[in-house]
$ cat my_file.tsv   # TSV, N, CA, C and O atoms
chain	number	residue	atom	x	y	z
A	17	MET	N	-25.34	61.04	43.84
A	17	MET	CA	-24.03	60.45	43.82
A	17	MET	C	-23.26	60.87	45.06
A	17	MET	O	-22.33	61.64	45.00
A	18	GLU	N	-23.68	60.33	46.15
A	18	GLU	CA	-23.00	60.64	47.40
A	18	GLU	C	-21.82	59.70	47.59
A	18	GLU	O	-21.77	58.61	47.05
A	19	GLY	N	-20.87	60.14	48.39
A	19	GLY	CA	-19.74	59.30	48.71
A	19	GLY	C	-18.57	59.43	47.76
A	19	GLY	O	-17.59	58.73	47.92
A	20	PHE	N	-18.68	60.29	46.76
A	20	PHE	CA	-17.57	60.50	45.84
A	20	PHE	C	-16.94	61.86	46.09
A	20	PHE	O	-17.63	62.81	46.46
A	21	ASN	N	-15.62	61.96	45.87
A	21	ASN	CA	-15.02	63.29	45.93
A	21	ASN	C	-15.31	64.00	44.61
A	21	ASN	O	-15.83	63.40	43.66
A	22	SER	N	-14.97	65.26	44.53
A	22	SER	CA	-15.35	66.05	43.35
A	22	SER	C	-14.67	65.53	42.08
A	22	SER	O	-15.29	65.52	41.00
A	23	MET	N	-13.43	65.08	42.17
A	23	MET	CA	-12.75	64.57	40.98
A	23	MET	C	-13.39	63.26	40.51
A	23	MET	O	-13.58	63.05	39.31
A	24	GLN	N	-13.72	62.37	41.43
A	24	GLN	CA	-14.36	61.12	41.07
A	24	GLN	C	-15.71	61.39	40.40
A	24	GLN	O	-16.03	60.79	39.37
A	25	ARG	N	-16.48	62.30	40.98
A	25	ARG	CA	-17.78	62.65	40.42
A	25	ARG	C	-17.62	63.23	39.01
A	25	ARG	O	-18.33	62.84	38.08
A	26	GLU	N	-16.66	64.13	38.86
A	26	GLU	CA	-16.42	64.75	37.56
A	26	GLU	C	-16.02	63.70	36.53
A	26	GLU	O	-16.49	63.71	35.38
A	27	PHE	N	-15.15	62.76	36.90
A	27	PHE	CA	-14.71	61.71	35.99
A	27	PHE	C	-15.89	60.83	35.57
A	27	PHE	O	-16.08	60.55	34.38
A	28	LEU	N	-16.70	60.40	36.53
A	28	LEU	CA	-17.84	59.55	36.22
A	28	LEU	C	-18.87	60.28	35.36
A	28	LEU	O	-19.46	59.69	34.44
A	29	GLU	N	-19.08	61.56	35.63
A	29	GLU	CA	-19.99	62.35	34.81
A	29	GLU	C	-19.48	62.47	33.38
A	29	GLU	O	-20.26	62.39	32.42
A	30	GLN	N	-18.17	62.62	33.22
A	30	GLN	CA	-17.59	62.71	31.88
A	30	GLN	C	-17.74	61.39	31.14
A	30	GLN	O	-17.99	61.37	29.94
A	31	LEU	N	-17.61	60.26	31.84
A	31	LEU	CA	-17.84	58.97	31.20
A	31	LEU	C	-19.27	58.85	30.69
A	31	LEU	O	-19.51	58.32	29.59
A	32	ALA	N	-20.23	59.37	31.45
A	32	ALA	CA	-21.63	59.35	31.02
A	32	ALA	C	-21.82	60.20	29.76
A	32	ALA	O	-22.56	59.82	28.85
A	33	VAL	N	-21.13	61.34	29.69
A	33	VAL	CA	-21.19	62.19	28.51
A	33	VAL	C	-20.63	61.45	27.30
A	33	VAL	O	-21.21	61.48	26.20
A	34	ILE	N	-19.51	60.77	27.48
A	34	ILE	CA	-18.89	60.01	26.39
A	34	ILE	C	-19.81	58.89	25.93
A	34	ILE	O	-19.98	58.66	24.73
A	35	GLN	N	-20.44	58.20	26.86
A	35	GLN	CA	-21.35	57.13	26.49
A	35	GLN	C	-22.52	57.67	25.68
A	35	GLN	O	-22.87	57.12	24.62
A	36	GLU	N	-23.12	58.75	26.13
A	36	GLU	CA	-24.26	59.33	25.43
A	36	GLU	C	-23.86	59.78	24.03
A	36	GLU	O	-24.56	59.51	23.05
A	37	ALA	N	-22.71	60.43	23.92
A	37	ALA	CA	-22.24	60.88	22.60
A	37	ALA	C	-21.97	59.68	21.69
A	37	ALA	O	-22.30	59.72	20.50
A	38	GLY	N	-21.41	58.63	22.25
A	38	GLY	CA	-21.12	57.43	21.45
A	38	GLY	C	-22.38	56.79	20.91
A	38	GLY	O	-22.44	56.40	19.74
A	39	VAL	N	-23.39	56.69	21.75
A	39	VAL	CA	-24.66	56.10	21.31
A	39	VAL	C	-25.32	56.97	20.24
A	39	VAL	O	-25.76	56.48	19.20
A	40	GLN	N	-25.37	58.28	20.48
A	40	GLN	CA	-26.00	59.17	19.51
A	40	GLN	C	-25.25	59.19	18.18
A	40	GLN	O	-25.86	59.20	17.11
A	41	THR	N	-23.93	59.16	18.24
A	41	THR	CA	-23.14	59.12	17.02
A	41	THR	C	-23.38	57.82	16.26
A	41	THR	O	-23.54	57.82	15.04
A	42	ALA	N	-23.45	56.72	16.99
A	42	ALA	CA	-23.69	55.42	16.36
A	42	ALA	C	-25.05	55.39	15.66
A	42	ALA	O	-25.18	54.82	14.57
A	43	LEU	N	-26.04	56.01	16.27
A	43	LEU	CA	-27.37	56.03	15.67
A	43	LEU	C	-27.41	56.85	14.39
A	43	LEU	O	-28.25	56.60	13.52
A	44	CYS	N	-26.53	57.81	14.28
A	44	CYS	CA	-26.50	58.69	13.11
A	44	CYS	C	-25.61	58.16	11.98
A	44	CYS	O	-25.66	58.68	10.87
A	45	ARG	N	-24.81	57.18	12.24
A	45	ARG	CA	-23.88	56.68	11.23
A	45	ARG	C	-24.62	55.90	10.15
A	45	ARG	O	-25.70	55.36	10.37
A	46	LYS	N	-23.96	55.82	9.01
A	46	LYS	CA	-24.55	55.08	7.89
A	46	LYS	C	-24.79	53.63	8.27
A	46	LYS	O	-24.04	53.03	9.02
A	47	ARG	N	-25.83	53.10	7.75
A	47	ARG	CA	-26.25	51.74	8.10
A	47	ARG	C	-25.84	50.71	7.05
A	47	ARG	O	-26.07	49.53	7.22
A	48	ASP	N	-25.25	51.17	5.95
A	48	ASP	CA	-24.94	50.24	4.88
A	48	ASP	C	-23.58	49.57	5.02
A	48	ASP	O	-23.19	48.79	4.17
A	49	CYS	N	-22.85	49.84	6.10
A	49	CYS	CA	-21.58	49.15	6.31
A	49	CYS	C	-21.81	47.96	7.24
A	49	CYS	O	-22.79	47.92	7.97
A	50	PRO	N	-20.91	46.99	7.21
A	50	PRO	CA	-21.08	45.81	8.07
A	50	PRO	C	-21.15	46.20	9.56
A	50	PRO	O	-20.49	47.14	10.00
A	51	LEU	N	-21.96	45.47	10.29
A	51	LEU	CA	-22.14	45.73	11.72
A	51	LEU	C	-20.82	45.68	12.47
A	51	LEU	O	-20.57	46.50	13.36
A	52	GLU	N	-19.96	44.74	12.11
A	52	GLU	CA	-18.65	44.63	12.77
A	52	GLU	C	-17.84	45.92	12.61
A	52	GLU	O	-17.24	46.40	13.57
A	53	ASP	N	-17.86	46.51	11.43
A	53	ASP	CA	-17.15	47.77	11.20
A	53	ASP	C	-17.72	48.88	12.08
A	53	ASP	O	-16.97	49.68	12.65
A	54	ARG	N	-19.02	48.94	12.19
A	54	ARG	CA	-19.66	49.96	13.05
A	54	ARG	C	-19.26	49.78	14.51
A	54	ARG	O	-18.99	50.74	15.22
A	55	PHE	N	-19.20	48.53	14.98
A	55	PHE	CA	-18.79	48.27	16.37
A	55	PHE	C	-17.36	48.73	16.61
A	55	PHE	O	-17.05	49.32	17.65
A	56	TYR	N	-16.47	48.43	15.66
A	56	TYR	CA	-15.08	48.88	15.80
A	56	TYR	C	-15.01	50.41	15.84
A	56	TYR	O	-14.27	50.98	16.65
A	57	GLU	N	-15.74	51.08	14.98
A	57	GLU	CA	-15.74	52.54	14.95
A	57	GLU	C	-16.25	53.13	16.27
A	57	GLU	O	-15.65	54.04	16.83
A	58	ILE	N	-17.36	52.60	16.75
A	58	ILE	CA	-17.97	53.11	17.99
A	58	ILE	C	-17.04	52.90	19.18
A	58	ILE	O	-16.79	53.82	19.95
A	59	THR	N	-16.51	51.68	19.32
A	59	THR	CA	-15.66	51.41	20.48
A	59	THR	C	-14.35	52.19	20.39
A	59	THR	O	-13.85	52.66	21.42
A	60	ALA	N	-13.79	52.33	19.19
A	60	ALA	CA	-12.57	53.13	19.05
A	60	ALA	C	-12.81	54.57	19.45
A	60	ALA	O	-12.00	55.18	20.16
A	61	ASP	N	-13.94	55.14	19.02
A	61	ASP	CA	-14.26	56.53	19.38
A	61	ASP	C	-14.37	56.69	20.90
A	61	ASP	O	-13.84	57.65	21.47
A	62	VAL	N	-15.04	55.75	21.54
A	62	VAL	CA	-15.22	55.83	23.00
A	62	VAL	C	-13.88	55.68	23.71
A	62	VAL	O	-13.56	56.44	24.64
A	63	ILE	N	-13.06	54.74	23.29
A	63	ILE	CA	-11.75	54.54	23.92
A	63	ILE	C	-10.89	55.79	23.77
A	63	ILE	O	-10.27	56.25	24.74
A	64	ILE	N	-10.85	56.35	22.58
A	64	ILE	CA	-10.05	57.56	22.35
A	64	ILE	C	-10.54	58.70	23.24
A	64	ILE	O	-9.73	59.42	23.85
A	65	GLN	N	-11.84	58.87	23.37
A	65	GLN	CA	-12.37	59.94	24.21
A	65	GLN	C	-12.01	59.74	25.68
A	65	GLN	O	-11.72	60.70	26.39
A	66	ILE	N	-12.01	58.51	26.14
A	66	ILE	CA	-11.61	58.24	27.53
A	66	ILE	C	-10.13	58.55	27.71
A	66	ILE	O	-9.72	59.17	28.70
A	67	LEU	N	-9.31	58.14	26.76
A	67	LEU	CA	-7.88	58.43	26.86
A	67	LEU	C	-7.60	59.93	26.79
A	67	LEU	O	-6.65	60.42	27.42
A	68	GLU	N	-8.42	60.67	26.06
A	68	GLU	CA	-8.27	62.13	26.02
A	68	GLU	C	-8.50	62.75	27.41
A	68	GLU	O	-7.89	63.75	27.75
A	69	ILE	N	-9.36	62.13	28.21
A	69	ILE	CA	-9.53	62.59	29.59
A	69	ILE	C	-8.21	62.44	30.33
A	69	ILE	O	-7.74	63.36	31.00
A	70	PHE	N	-7.60	61.26	30.22
A	70	PHE	CA	-6.34	61.02	30.92
A	70	PHE	C	-5.23	61.94	30.42
A	70	PHE	O	-4.36	62.36	31.18
A	71	ASP	N	-5.27	62.26	29.13
A	71	ASP	CA	-4.26	63.15	28.56
A	71	ASP	C	-4.51	64.62	28.88
A	71	ASP	O	-3.65	65.46	28.63
A	72	GLY	N	-5.68	64.95	29.42
A	72	GLY	CA	-5.97	66.32	29.81
A	72	GLY	C	-6.61	67.17	28.72
A	72	GLY	O	-6.67	68.39	28.85
A	73	TYR	N	-7.11	66.54	27.67
A	73	TYR	CA	-7.70	67.28	26.55
A	73	TYR	C	-9.20	67.42	26.63
A	73	TYR	O	-9.77	68.20	25.89
A	74	ALA	N	-9.87	66.65	27.46
A	74	ALA	CA	-11.32	66.66	27.42
A	74	ALA	C	-11.93	66.53	28.81
A	74	ALA	O	-11.41	65.79	29.64
A	75	GLY	N	-12.99	67.26	29.00
A	75	GLY	CA	-13.87	67.02	30.12
A	75	GLY	C	-13.44	67.47	31.50
A	75	GLY	O	-14.14	68.24	32.12
A	76	MET	N	-12.34	67.03	31.98
A	76	MET	CA	-11.96	67.26	33.37
A	76	MET	C	-11.43	68.69	33.57
A	76	MET	O	-10.46	69.08	32.94
A	77	LYS	N	-12.07	69.41	34.44
A	77	LYS	CA	-11.63	70.77	34.77
A	77	LYS	C	-10.24	70.77	35.40
A	77	LYS	O	-9.48	71.71	35.26
A	78	SER	N	-9.95	69.68	36.09
A	78	SER	CA	-8.67	69.58	36.81
A	78	SER	C	-7.51	69.16	35.91
A	78	SER	O	-6.38	69.07	36.37
A	79	GLY	N	-7.78	68.90	34.63
A	79	GLY	CA	-6.71	68.51	33.70
A	79	GLY	C	-6.60	67.01	33.58
A	79	GLY	O	-7.54	66.28	33.87
A	80	GLY	N	-5.45	66.54	33.14
A	80	GLY	CA	-5.23	65.11	32.93
A	80	GLY	C	-5.11	64.36	34.25
A	80	GLY	O	-4.94	64.94	35.31
A	81	LEU	N	-5.20	63.05	34.14
A	81	LEU	CA	-5.10	62.19	35.31
A	81	LEU	C	-3.79	61.41	35.23
A	81	LEU	O	-3.43	60.88	34.18
A	82	HIS	N	-3.09	61.34	36.33
A	82	HIS	CA	-1.80	60.65	36.41
A	82	HIS	C	-2.05	59.19	36.77
A	82	HIS	O	-2.56	58.89	37.85
A	83	ILE	N	-1.68	58.27	35.89
A	83	ILE	CA	-1.89	56.85	36.10
A	83	ILE	C	-0.54	56.20	36.41
A	83	ILE	O	0.40	56.34	35.64
A	84	VAL	N	-0.48	55.51	37.55
A	84	VAL	CA	0.75	54.87	37.98
A	84	VAL	C	0.46	53.41	38.32
A	84	VAL	O	-0.53	53.10	38.99
A	85	CYS	N	1.32	52.52	37.86
A	85	CYS	CA	1.19	51.11	38.19
A	85	CYS	C	1.46	50.93	39.69
A	85	CYS	O	2.52	51.34	40.19
A	86	GLU	N	0.51	50.36	40.40
A	86	GLU	CA	0.68	50.18	41.85
A	86	GLU	C	1.86	49.27	42.17
A	86	GLU	O	2.56	49.48	43.15
A	87	LYS	N	2.09	48.26	41.37
A	87	LYS	CA	3.14	47.28	41.65
A	87	LYS	C	4.54	47.86	41.43
A	87	LYS	O	5.44	47.66	42.25
A	88	THR	N	4.73	48.57	40.31
A	88	THR	CA	6.08	49.04	39.96
A	88	THR	C	6.31	50.53	40.21
A	88	THR	O	7.45	50.98	40.23
A	89	GLY	N	5.22	51.28	40.35
A	89	GLY	CA	5.34	52.73	40.51
A	89	GLY	C	5.62	53.45	39.20
A	89	GLY	O	5.82	54.66	39.17
A	90	GLU	N	5.63	52.72	38.10
A	90	GLU	CA	5.92	53.29	36.79
A	90	GLU	C	4.71	54.05	36.25
A	90	GLU	O	3.61	53.51	36.20
A	91	PRO	N	4.92	55.30	35.82
A	91	PRO	CA	3.81	56.08	35.25
A	91	PRO	C	3.49	55.62	33.83
A	91	PRO	O	4.39	55.29	33.06
A	92	LEU	N	2.22	55.61	33.49
A	92	LEU	CA	1.78	55.15	32.18
A	92	LEU	C	2.22	56.07	31.05
A	92	LEU	O	2.54	55.61	29.96
A	93	LYS	N	2.27	57.37	31.30
A	93	LYS	CA	2.53	58.33	30.23
A	93	LYS	C	3.98	58.79	30.13
A	93	LYS	O	4.30	59.65	29.33
A	94	LYS	N	4.88	58.22	30.90
A	94	LYS	CA	6.30	58.65	30.90
A	94	LYS	C	7.23	57.52	30.52
A	94	LYS	O	6.90	56.35	30.63
A	95	ASN	N	8.44	57.91	30.14
A	95	ASN	CA	9.54	56.97	29.83
A	95	ASN	C	9.23	56.01	28.71
A	95	ASN	O	9.25	54.80	28.94
A	96	PRO	N	8.96	56.40	27.51
A	96	PRO	CA	8.96	57.77	27.00
A	96	PRO	C	7.63	58.47	27.24
A	96	PRO	O	6.61	57.83	27.48
A	97	SER	N	7.64	59.77	27.15
A	97	SER	CA	6.43	60.56	27.31
A	97	SER	C	5.52	60.36	26.09
A	97	SER	O	5.98	60.47	24.95
A	98	ILE	N	4.26	60.00	26.34
A	98	ILE	CA	3.32	59.78	25.24
A	98	ILE	C	1.99	60.45	25.53
A	98	ILE	O	1.67	60.76	26.68
A	99	GLU	N	1.24	60.66	24.49
A	99	GLU	CA	-0.16	61.03	24.57
A	99	GLU	C	-0.93	59.74	24.33
A	99	GLU	O	-0.80	59.13	23.26
A	100	LEU	N	-1.68	59.29	25.32
A	100	LEU	CA	-2.34	58.00	25.23
A	100	LEU	C	-3.28	57.90	24.04
A	100	LEU	O	-3.31	56.87	23.35
A	101	HIS	N	-4.04	58.96	23.78
A	101	HIS	CA	-5.00	58.89	22.68
A	101	HIS	C	-4.31	58.79	21.32
A	101	HIS	O	-4.80	58.13	20.43
A	102	ASP	N	-3.15	59.41	21.18
A	102	ASP	CA	-2.40	59.30	19.92
A	102	ASP	C	-1.79	57.90	19.79
A	102	ASP	O	-1.82	57.30	18.71
A	103	ALA	N	-1.21	57.41	20.86
A	103	ALA	CA	-0.56	56.10	20.84
A	103	ALA	C	-1.58	54.98	20.55
A	103	ALA	O	-1.30	54.06	19.77
A	104	ALA	N	-2.75	55.07	21.16
A	104	ALA	CA	-3.77	54.03	20.99
A	104	ALA	C	-4.29	53.96	19.56
A	104	ALA	O	-4.68	52.89	19.09
A	105	ALA	N	-4.26	55.09	18.87
A	105	ALA	CA	-4.77	55.12	17.50
A	105	ALA	C	-4.05	54.12	16.60
A	105	ALA	O	-4.63	53.59	15.66
A	106	GLY	N	-2.79	53.83	16.89
A	106	GLY	CA	-2.05	52.86	16.10
A	106	GLY	C	-2.41	51.42	16.40
A	106	GLY	O	-1.95	50.51	15.71
A	107	TYR	N	-3.22	51.20	17.43
A	107	TYR	CA	-3.56	49.84	17.84
A	107	TYR	C	-5.04	49.50	17.64
A	107	TYR	O	-5.41	48.34	17.60
A	108	LEU	N	-5.87	50.51	17.54
A	108	LEU	CA	-7.32	50.28	17.48
A	108	LEU	C	-7.82	50.17	16.05
A	108	LEU	O	-7.42	50.93	15.18
A	109	LYS	N	-8.75	49.26	15.84
A	109	LYS	CA	-9.43	49.15	14.56
A	109	LYS	C	-10.57	50.17	14.55
A	109	LYS	O	-11.09	50.55	15.59
A	110	GLY	N	-10.96	50.59	13.36
A	110	GLY	CA	-12.13	51.46	13.23
A	110	GLY	C	-11.83	52.93	13.15
A	110	GLY	O	-12.74	53.75	13.08
A	111	LEU	N	-10.55	53.30	13.18
A	111	LEU	CA	-10.18	54.71	13.06
A	111	LEU	C	-9.66	54.96	11.65
A	111	LEU	O	-8.76	54.27	11.18
A	112	ASP	N	-10.26	55.91	10.99
A	112	ASP	CA	-9.80	56.22	9.62
A	112	ASP	C	-9.08	57.53	9.58
A	112	ASP	O	-9.26	58.42	10.29
$ encode --input "my_file.tsv" --output "structure tokens"
Amino acid sequence: MEGFNSMQREFLEQLAVIQEAGVQTALCRKRDCPLEDRFYEITADVIIQILEIFDGYAGMKSGGLHIVCEKTGEPLKKNPSIELHDAAAGYLKGLD
């Protein structure tokens, strides 16, 4: 993985960890529920784990990542201050 700075490399490596965990978790889940429910659960888990990276709770040694809209300069996590993984839980299907 040449051509990446250390933060980019760390972020991409953490995404690979999340993907592997998601696949392994999906393989271990009960098979008697509808496939659609399993897809919602798997994708919700992966999305939450990615947002936890941005919130500074998982994976990145450097802490959370600051996301700013290029057009407006408005930060994603401020005004009001939110934890992305907590906020997303109210919008995603598959989280119990």
$ residues_around --input "my_file.tsv" --residues "region 74-80 of chain A" --least-positions-apart "5" --cutoff "6 Å" --atoms "only C-alpha atoms" --output "PyMOL selection string"
chain A and resi 30+68-69
$ select_by_dssp --input "my_file.tsv" --residues "chain A" --states "helix (DSSP H, G or I)" --output "number ranges by chain"
A: 22-44, 51-71, 100-105
$ residues_around --input "my_file.tsv" --residues "region 60-63 of chain A" --least-positions-apart "5" --cutoff "7 Å" --atoms "only C-alpha atoms" --output "number ranges by chain"
A: 34, 38, 108-111
$ axis_aligned_box --input "my_file.tsv" --around "region 101-108 of chain A" --padding-each-side "3 Å" --output "JSON"
{"center_x": -4.2, "center_y": 53.9, "center_z": 19.5, "size_x": 13.3, "size_y": 17.1, "size_z": 14.6}
$ atom_distance --input "my_file.tsv" --atom1 "atom O of Gly106 (chain A)" --atom2 "CA of Lys94 (chain A)"
19.1 Å
$ atom_distance --input "my_file.tsv" --atom1 "CA of Glu18 (chain A)" --atom2 "atom C of Gln65 (chain A)"
24.4 Å
$ closest_residue --input "my_file.tsv" --among "A:Phe20, A:Phe27, A:Phe70, A:Phe55" --to "Val39 (chain A)" --atoms "only C-alpha atoms"
A:Phe55
$ atom_distance --input "my_file.tsv" --atom1 "CA of Tyr107 (chain A)" --atom2 "CA of Ile58 (chain A)"
14.8 Å
$ decode --input "my_file.tsv" --residues "region 87-98 of chain A" --atoms "all heavy atoms" --output "mmCIF file, in the first residue's frame"
data_model
loop_
_atom_site.group_PDB
_atom_site.id
_atom_site.type_symbol
_atom_site.label_atom_id
_atom_site.label_comp_id
_atom_site.auth_asym_id
_atom_site.auth_seq_id
_atom_site.Cartn_x
_atom_site.Cartn_y
_atom_site.Cartn_z
ATOM 1 N N LYS A 87 -18.250 22.434 0.737
ATOM 2 C CA LYS A 87 -19.003 23.562 0.191
ATOM 3 C C LYS A 87 -19.310 24.620 1.251
ATOM 4 O O LYS A 87 -19.153 25.813 1.008
ATOM 5 C CB LYS A 87 -20.298 23.053 -0.446
ATOM 6 C CG LYS A 87 -21.090 24.114 -1.157
ATOM 7 C CD LYS A 87 -22.280 23.520 -1.864
ATOM 8 C CE LYS A 87 -23.062 24.599 -2.588
ATOM 9 N NZ LYS A 87 -24.215 24.042 -3.314
ATOM 10 N N THR A 88 -19.751 24.175 2.440
ATOM 11 C CA THR A 88 -20.199 25.128 3.458
ATOM 12 C C THR A 88 -19.207 25.328 4.600
ATOM 13 O O THR A 88 -19.325 26.295 5.355
ATOM 14 C CB THR A 88 -21.523 24.664 4.089
ATOM 15 O OG1 THR A 88 -21.295 23.439 4.806
ATOM 16 C CG2 THR A 88 -22.598 24.462 3.037
ATOM 17 N N GLY A 89 -18.272 24.394 4.750
ATOM 18 C CA GLY A 89 -17.338 24.458 5.866
ATOM 19 C C GLY A 89 -17.939 23.992 7.186
ATOM 20 O O GLY A 89 -17.309 24.060 8.229
ATOM 21 N N GLU A 90 -19.171 23.523 7.139
ATOM 22 C CA GLU A 90 -19.872 23.087 8.348
ATOM 23 C C GLU A 90 -19.381 21.709 8.788
ATOM 24 O O GLU A 90 -19.351 20.774 7.991
ATOM 25 C CB GLU A 90 -21.372 23.036 8.083
ATOM 26 C CG GLU A 90 -22.199 22.718 9.296
ATOM 27 C CD GLU A 90 -23.687 22.785 9.005
ATOM 28 O OE1 GLU A 90 -24.093 22.765 7.832
ATOM 29 O OE2 GLU A 90 -24.440 22.855 9.973
ATOM 30 N N PRO A 91 -19.015 21.575 10.070
ATOM 31 C CA PRO A 91 -18.566 20.268 10.569
ATOM 32 C C PRO A 91 -19.748 19.329 10.791
ATOM 33 O O PRO A 91 -20.821 19.760 11.227
ATOM 34 C CB PRO A 91 -17.871 20.594 11.888
ATOM 35 C CG PRO A 91 -18.441 21.901 12.314
ATOM 36 C CD PRO A 91 -18.862 22.620 11.068
ATOM 37 N N LEU A 92 -19.555 18.063 10.505
ATOM 38 C CA LEU A 92 -20.618 17.074 10.622
ATOM 39 C C LEU A 92 -21.040 16.827 12.070
ATOM 40 O O LEU A 92 -22.206 16.605 12.348
ATOM 41 C CB LEU A 92 -20.160 15.748 9.991
ATOM 42 C CG LEU A 92 -21.166 14.601 9.969
ATOM 43 C CD1 LEU A 92 -22.413 14.983 9.180
ATOM 44 C CD2 LEU A 92 -20.531 13.363 9.373
ATOM 45 N N LYS A 93 -20.093 16.886 12.996
ATOM 46 C CA LYS A 93 -20.376 16.506 14.375
ATOM 47 C C LYS A 93 -20.690 17.677 15.306
ATOM 48 O O LYS A 93 -20.862 17.486 16.494
ATOM 49 C CB LYS A 93 -19.188 15.732 14.947
ATOM 50 C CG LYS A 93 -18.986 14.371 14.305
ATOM 51 C CD LYS A 93 -17.820 13.633 14.891
ATOM 52 C CE LYS A 93 -17.735 13.715 16.353
ATOM 53 N NZ LYS A 93 -17.944 12.559 17.151
ATOM 54 N N LYS A 94 -20.794 18.886 14.794
ATOM 55 C CA LYS A 94 -21.027 20.076 15.637
ATOM 56 C C LYS A 94 -22.307 20.792 15.251
ATOM 57 O O LYS A 94 -22.812 20.650 14.148
ATOM 58 C CB LYS A 94 -19.857 21.056 15.504
ATOM 59 C CG LYS A 94 -18.502 20.459 15.803
ATOM 60 C CD LYS A 94 -18.311 20.206 17.267
ATOM 61 C CE LYS A 94 -16.916 19.657 17.516
ATOM 62 N NZ LYS A 94 -16.806 18.934 18.729
ATOM 63 N N ASN A 95 -22.776 21.618 16.178
ATOM 64 C CA ASN A 95 -23.942 22.498 15.972
ATOM 65 C C ASN A 95 -25.216 21.758 15.642
ATOM 66 O O ASN A 95 -25.782 21.984 14.571
ATOM 67 C CB ASN A 95 -23.640 23.543 14.891
ATOM 68 C CG ASN A 95 -22.454 24.385 15.242
ATOM 69 O OD1 ASN A 95 -22.230 24.723 16.390
ATOM 70 N ND2 ASN A 95 -21.667 24.711 14.249
ATOM 71 N N PRO A 96 -25.746 20.897 16.451
ATOM 72 C CA PRO A 96 -25.297 20.542 17.794
ATOM 73 C C PRO A 96 -24.239 19.449 17.757
ATOM 74 O O PRO A 96 -24.090 18.736 16.768
ATOM 75 C CB PRO A 96 -26.571 20.010 18.463
ATOM 76 C CG PRO A 96 -27.320 19.375 17.330
ATOM 77 C CD PRO A 96 -27.027 20.250 16.129
ATOM 78 N N SER A 97 -23.533 19.307 18.841
ATOM 79 C CA SER A 97 -22.518 18.270 18.964
ATOM 80 C C SER A 97 -23.189 16.902 19.081
ATOM 81 O O SER A 97 -24.103 16.727 19.894
ATOM 82 C CB SER A 97 -21.651 18.538 20.199
ATOM 83 O OG SER A 97 -20.635 17.570 20.285
ATOM 84 N N ILE A 98 -22.780 15.960 18.231
ATOM 85 C CA ILE A 98 -23.377 14.623 18.256
ATOM 86 C C ILE A 98 -22.299 13.554 18.178
ATOM 87 O O ILE A 98 -21.174 13.817 17.746
ATOM 88 C CB ILE A 98 -24.372 14.411 17.096
ATOM 89 C CG1 ILE A 98 -23.666 14.490 15.739
ATOM 90 C CG2 ILE A 98 -25.533 15.368 17.179
ATOM 91 C CD1 ILE A 98 -24.531 14.070 14.557
#
